[in-house]
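Read the structure below first, then the notes.
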Amino acid sequence: MKNRKPVKKTAILAMSMALALGAAACGKKEKSTEAQTESASGNASESTADRETMYQVSLLQGLTFGDYYGSVTVEELKKHGDIGLGTFEGLNGEMIVLEGTVYRAAGDGSVEVVPDAEKIPFSNVTFLDTDEKQEIANHVDFNSLIEELNAKVETLGTNRFYMIRIDGTFSEMNVRSELAQKEPYEPLAKVLEHDQTFFDYQDIEGTVVGLYCPPYMSQLNATGWHLHFISSDRSKGGHILGLKTDKATITWDYTDGFEMELPEDKMFKEFDLTVDQSEDIEKVEKKVDKEEPENTEEQKEEK
């Protein structure tokens, strides 16, 4: 693995106007009552600004080009949030951050707590402060859930970030992960042609972690919703391709701040990030049509 220079914290000046407009349109959120109580009791060391900031490691567009070199450690990431998603050095599985613990949903279907020393090439995290709770009491699948979430975003404001967690029992949960890659790294869309694995579960209890990025983030991340899943027993998880549920609770956290860490490795510096990668990003994010799953819960248990 290549040696890397320390990461430099970069202020994205081009984003300032858009974020300012978004915050002005939506109104700046006060720290939640829960967070205020924690701060008063001395249990929370993070400032209000920290808790209201979406922290991002690198650009998704760098990851899609094939920059899987980690630039921030898990230990450092946890200082910036207790909920989120991403991946790991070498594209070694899907990341789910929940209640301050960083989990890896690996390409073989296993889930593990990731050591603090492991490095991360791409991630988004924040601190979850409950701004609103919403009950799902009707039957929804993946598409209708996204429609419901988007309708809510329209009422709350499309120019801010949202992190959600959805707790419930899912009659169907379809997820994917990736096998760890070796150098020289291929672009992400190419990797997913041969090294992604699928897992289909039924009647499974767990949590969906979801991130919404506003439209003006199109050059830095995938816009709209990105969802990962982890089961209640922390044994199954991955990037969500499909789901069904008729009873769940959505916890919403509205976030108006944004901070990014950019890597300083040679590979990242030489990318032409003006290239339109929208088609590859769509391939990476969208549901993959397949005749039958490569792995199911039953097949996994037989291994």
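Each chain of the structure tokens is named A, B, ... in the order shown, its residues numbered from 1; ligands are numbered from 1 in display order.
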*Could you pull out all residues of range 67-147 of chain A with a DSSP call of strand (DSSP E or B) and give them as number ranges by chain?*
A: 72-73, 83-87, 94-98, 101-105, 111-113, 119-120, 122-126, 132-136, 140-141
Between range 144-166 of chain A and range 221-224 of chain A, at 12 Å or less, what are the per-residue closest atom pairs and their distances in Å? Count only C-alpha atoms, order by chain and rising residue number, and return it as JSON lines.
```
{"residue": "A:Ile146", "atom": "CA", "partner": "A:Gly224", "partner_atom": "CA", "distance": 9.1}
{"residue": "A:Glu147", "atom": "CA", "partner": "A:Gly224", "partner_atom": "CA", "distance": 10.9}
{"residue": "A:Leu149", "atom": "CA", "partner": "A:Gly224", "partner_atom": "CA", "distance": 9.8}
{"residue": "A:Asn150", "atom": "CA", "partner": "A:Gly224", "partner_atom": "CA", "distance": 8.2}
{"residue": "A:Ala151", "atom": "CA", "partner": "A:Gly224", "partner_atom": "CA", "distance": 11.9}
{"residue": "A:Val153", "atom": "CA", "partner": "A:Gly224", "partner_atom": "CA", "distance": 9.8}
{"residue": "A:Glu154", "atom": "CA", "partner": "A:Gly224", "partner_atom": "CA", "distance": 11.7}
{"residue": "A:Thr158", "atom": "CA", "partner": "A:Gly224", "partner_atom": "CA", "distance": 9.4}
{"residue": "A:Asn159", "atom": "CA", "partner": "A:Gly224", "partner_atom": "CA", "distance": 10.8}
{"residue": "A:Arg160", "atom": "CA", "partner": "A:Gly224", "partner_atom": "CA", "distance": 11.0}
{"residue": "A:Phe161", "atom": "CA", "partner": "A:Gly224", "partner_atom": "CA", "distance": 9.5}
{"residue": "A:Tyr162", "atom": "CA", "partner": "A:Gly224", "partner_atom": "CA", "distance": 9.7}
{"residue": "A:Met163", "atom": "CA", "partner": "A:Gly224", "partner_atom": "CA", "distance": 11.3}
```
Write out as a PDB file with C-alpha atoms, in the first residue's frame each polymer residue whose atoms come within 9 Å of Gln277 in chain A, counting only C-alpha atoms; drop sequence neighbours fewer than 4 positions from it.
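Written output follows (result_31.pdb):
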```pdb
ATOM      1  CA  GLN A  61     -16.192  11.225  -7.642  1.00  0.00           C
ATOM      2  CA  THR A  64     -15.640   6.299  -8.558  1.00  0.00           C
ATOM      3  CA  PHE A  65     -12.332   6.980 -10.333  1.00  0.00           C
ATOM      4  CA  GLN A 219     -19.889  17.528  -8.077  1.00  0.00           C
ATOM      5  CA  LEU A 273     -12.726  15.985 -11.656  1.00  0.00           C
ATOM      6  CA  ILE A 281     -22.543   7.181 -10.240  1.00  0.00           C
ATOM      7  CA  GLU A 282     -25.990   6.062 -11.343  1.00  0.00           C
TER       8      GLU A 282
END
```
Closest pair table for range 54-171 of chain A residues within 8 Å of range 180-199 of chain A, only C-alpha atoms, as a Markdown table:
```
| residue | atom | partner | partner_atom | distance |
| --- | --- | --- | --- | --- |
| A:Leu63 | CA | A:Leu188 | CA | 6.8 |
| A:Thr64 | CA | A:Leu188 | CA | 4.7 |
| A:Phe65 | CA | A:Pro187 | CA | 4.7 |
| A:Gly66 | CA | A:Pro187 | CA | 4.2 |
| A:Asp67 | CA | A:Tyr185 | CA | 7.3 |
| A:Tyr68 | CA | A:Tyr185 | CA | 7.4 |
| A:Gly90 | CA | A:Gln181 | CA | 5.0 |
| A:Leu91 | CA | A:Ala180 | CA | 5.4 |
| A:Asn92 | CA | A:Ala180 | CA | 4.1 |
| A:Gly93 | CA | A:Ala180 | CA | 6.8 |
| A:Gly107 | CA | A:Thr197 | CA | 6.0 |
| A:Asp108 | CA | A:Thr197 | CA | 7.5 |
| A:Gly109 | CA | A:Phe199 | CA | 7.2 |
```
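DSSP secondary structure from the backbone places Leu188, Ala189, Lys190, Val191, Leu192, Glu193 and His194 of chain A of range 168-208 of chain A in helix (DSSP H, G or I).
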Go ahead and dump the residues you just picked, all heavy atoms, as a tab-separated table (two decimals), in the first residue's frame.
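Written file, again33.tsv:
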```tsv
chain	number	residue	atom	x	y	z
A	188	LEU	N	-14.74	2.34	-9.82
A	188	LEU	CA	-15.76	1.67	-9.02
A	188	LEU	C	-16.80	0.95	-9.87
A	188	LEU	O	-17.20	-0.18	-9.56
A	188	LEU	CB	-16.44	2.70	-8.10
A	188	LEU	CG	-17.50	2.16	-7.13
A	188	LEU	CD1	-16.96	1.02	-6.29
A	188	LEU	CD2	-18.02	3.28	-6.25
A	189	ALA	N	-17.26	1.58	-10.93
A	189	ALA	CA	-18.27	0.94	-11.79
A	189	ALA	C	-17.74	-0.36	-12.37
A	189	ALA	O	-18.48	-1.33	-12.52
A	189	ALA	CB	-18.70	1.89	-12.90
A	190	LYS	N	-16.45	-0.39	-12.69
A	190	LYS	CA	-15.83	-1.60	-13.23
A	190	LYS	C	-15.73	-2.69	-12.15
A	190	LYS	O	-16.01	-3.87	-12.41
A	190	LYS	CB	-14.45	-1.27	-13.79
A	190	LYS	CG	-13.73	-2.45	-14.42
A	190	LYS	CD	-14.42	-2.95	-15.67
A	190	LYS	CE	-14.35	-1.95	-16.78
A	190	LYS	NZ	-14.92	-2.47	-18.06
A	191	VAL	N	-15.37	-2.29	-10.94
A	191	VAL	CA	-15.29	-3.24	-9.82
A	191	VAL	C	-16.64	-3.92	-9.60
A	191	VAL	O	-16.73	-5.14	-9.39
A	191	VAL	CB	-14.83	-2.54	-8.53
A	191	VAL	CG1	-15.00	-3.47	-7.33
A	191	VAL	CG2	-13.38	-2.10	-8.65
A	192	LEU	N	-17.69	-3.13	-9.67
A	192	LEU	CA	-19.02	-3.66	-9.38
A	192	LEU	C	-19.53	-4.60	-10.47
A	192	LEU	O	-20.53	-5.28	-10.27
A	192	LEU	CB	-20.02	-2.52	-9.16
A	192	LEU	CG	-19.74	-1.64	-7.94
A	192	LEU	CD1	-20.82	-0.58	-7.78
A	192	LEU	CD2	-19.61	-2.46	-6.67
A	193	GLU	N	-18.83	-4.65	-11.61
A	193	GLU	CA	-19.21	-5.60	-12.65
A	193	GLU	C	-18.83	-7.03	-12.27
A	193	GLU	O	-19.42	-7.99	-12.77
A	193	GLU	CB	-18.55	-5.22	-13.97
A	193	GLU	CG	-19.11	-3.96	-14.62
A	193	GLU	CD	-18.39	-3.61	-15.91
A	193	GLU	OE1	-17.53	-4.42	-16.34
A	193	GLU	OE2	-18.67	-2.54	-16.49
A	194	HIS	N	-17.83	-7.18	-11.39
A	194	HIS	CA	-17.36	-8.53	-11.08
A	194	HIS	C	-17.12	-8.83	-9.61
A	194	HIS	O	-16.99	-9.98	-9.23
A	194	HIS	CB	-16.06	-8.83	-11.86
A	194	HIS	CG	-14.98	-7.79	-11.70
A	194	HIS	ND1	-14.24	-7.65	-10.55
A	194	HIS	CD2	-14.54	-6.83	-12.56
A	194	HIS	CE1	-13.37	-6.66	-10.71
A	194	HIS	NE2	-13.53	-6.14	-11.91
```
*asked:* Between CA of Leu179 in chain A and CA of Met95 in chain A, what distance in Å does the model show, to one decimal?
replied: 13.1 Å
Close residues, Arg234 in chain A itself excluded, 9 Å, only C-alpha atoms, min 3 positions apart in chain, as a PDB file with C-alpha atoms, in the first residue's frame:
```pdb
ATOM      1  CA  TYR A 103     -19.279  -1.437  11.302  1.00  0.00           C
ATOM      2  CA  VAL A 111     -20.408  -7.807   9.763  1.00  0.00           C
ATOM      3  CA  GLU A 112     -17.674  -6.664  12.144  1.00  0.00           C
ATOM      4  CA  GLY A 206     -32.693  -3.723  11.962  1.00  0.00           C
ATOM      5  CA  ILE A 230     -27.494  -3.221   9.600  1.00  0.00           C
ATOM      6  CA  SER A 231     -29.502  -5.886  11.419  1.00  0.00           C
ATOM      7  CA  GLY A 237     -25.839  -5.459   6.446  1.00  0.00           C
TER       8      GLY A 237
END
```
_At a cut-off of 8 Å, using only C-alpha atoms, what residues contact Val72 in chain A? Leave out same-chain residues fewer than 2 positions from it and give the result as a ChimeraX atom specification._
/A:7,57,70,74,76-77,119-121
Any chance you could export the current selection's all heavy atoms as a tab-separated table (two decimals), in the first residue's frame?
```
chain	number	residue	atom	x	y	z
A	7	VAL	N	-3.64	14.21	5.85
A	7	VAL	CA	-4.77	14.85	5.18
A	7	VAL	C	-4.83	16.31	5.56
A	7	VAL	O	-4.62	16.68	6.72
A	7	VAL	CB	-6.08	14.17	5.60
A	7	VAL	CG1	-7.26	14.93	5.01
A	7	VAL	CG2	-6.08	12.74	5.13
A	57	VAL	N	-15.43	12.75	4.00
A	57	VAL	CA	-14.06	12.38	3.64
A	57	VAL	C	-13.99	12.21	2.13
A	57	VAL	O	-14.67	11.35	1.56
A	57	VAL	CB	-13.64	11.07	4.34
A	57	VAL	CG1	-12.21	10.70	3.91
A	57	VAL	CG2	-13.73	11.20	5.85
A	70	GLY	N	-7.02	4.97	1.88
A	70	GLY	CA	-7.57	5.62	3.07
A	70	GLY	C	-6.79	6.86	3.45
A	70	GLY	O	-5.57	6.90	3.33
A	74	VAL	N	-10.48	5.49	11.33
A	74	VAL	CA	-11.77	5.30	11.99
A	74	VAL	C	-11.82	6.11	13.28
A	74	VAL	O	-12.84	6.73	13.62
A	74	VAL	CB	-12.01	3.80	12.27
A	74	VAL	CG1	-13.18	3.60	13.24
A	74	VAL	CG2	-12.26	3.05	10.97
A	76	GLU	N	-10.37	8.93	13.98
A	76	GLU	CA	-10.60	10.34	13.65
A	76	GLU	C	-12.03	10.55	13.18
A	76	GLU	O	-12.68	11.55	13.56
A	76	GLU	CB	-9.62	10.79	12.57
A	76	GLU	CG	-9.81	12.23	12.10
A	76	GLU	CD	-9.54	13.27	13.18
A	76	GLU	OE1	-8.81	12.96	14.16
A	76	GLU	OE2	-10.08	14.38	13.06
A	77	LEU	N	-12.55	9.64	12.37
A	77	LEU	CA	-13.91	9.78	11.86
A	77	LEU	C	-14.92	9.89	12.99
A	77	LEU	O	-15.86	10.70	12.93
A	77	LEU	CB	-14.25	8.61	10.95
A	77	LEU	CG	-15.60	8.70	10.23
A	77	LEU	CD1	-15.52	9.69	9.07
A	77	LEU	CD2	-16.03	7.33	9.71
A	119	LYS	N	-8.12	2.75	7.87
A	119	LYS	CA	-8.29	4.02	7.18
A	119	LYS	C	-9.48	4.00	6.23
A	119	LYS	O	-9.92	2.95	5.77
A	119	LYS	CB	-7.02	4.39	6.43
A	119	LYS	CG	-5.87	4.77	7.36
A	119	LYS	CD	-4.69	5.31	6.60
A	119	LYS	CE	-3.61	5.80	7.54
A	119	LYS	NZ	-2.45	6.35	6.79
A	120	ILE	N	-9.95	5.21	5.93
A	120	ILE	CA	-11.20	5.41	5.19
A	120	ILE	C	-10.94	6.32	3.99
A	120	ILE	O	-10.41	7.42	4.15
A	120	ILE	CB	-12.25	6.05	6.11
A	120	ILE	CG1	-12.58	5.10	7.26
A	120	ILE	CG2	-13.50	6.44	5.34
A	120	ILE	CD1	-13.22	5.79	8.42
A	121	PRO	N	-11.35	5.90	2.79
A	121	PRO	CA	-11.21	6.76	1.60
A	121	PRO	C	-12.41	7.67	1.35
A	121	PRO	O	-12.29	8.69	0.66
A	121	PRO	CB	-11.05	5.77	0.47
A	121	PRO	CG	-11.86	4.58	0.91
A	121	PRO	CD	-11.73	4.53	2.41
```
*Find the residues around range 165-172 of chain A up to 9 Å (only C-alpha atoms counted), leave out those fewer than 4 positions away in its own chain, and share them as JSON, numbers by chain.*
{"A": [83, 98, 128, 141, 200, 201, 202, 203, 204, 205, 206, 207, 208, 209, 210, 242, 243, 244, 245, 246, 247, 248, 249, 250, 251, 252, 253]}
Do a neighbour search on Leu59 in chain A at 8 Å with only C-alpha atoms, toss out local chain neighbours closer than 5 positions, and write the hits as a compact mmCIF listing (two decimals) with C-alpha atoms, in the first residue's frame.
```
# COMPACT_ATOMS: atom_id res chain seq x y z
CA PHE A 122 -14.80 8.06 1.62
CA LEU A 220 -18.95 16.25 -4.61
CA ASN A 221 -21.30 13.37 -3.84
CA LEU A 262 -9.49 16.08 0.86
```
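Our summary of the geometry notes that CA of Glu118 in chain A is positioned 22.8 Å from CA of Asp50 in chain A.
Between CA of Ser235 in chain A and CA of Gly86 in chain A the interatomic distance comes to 18.0 Å.
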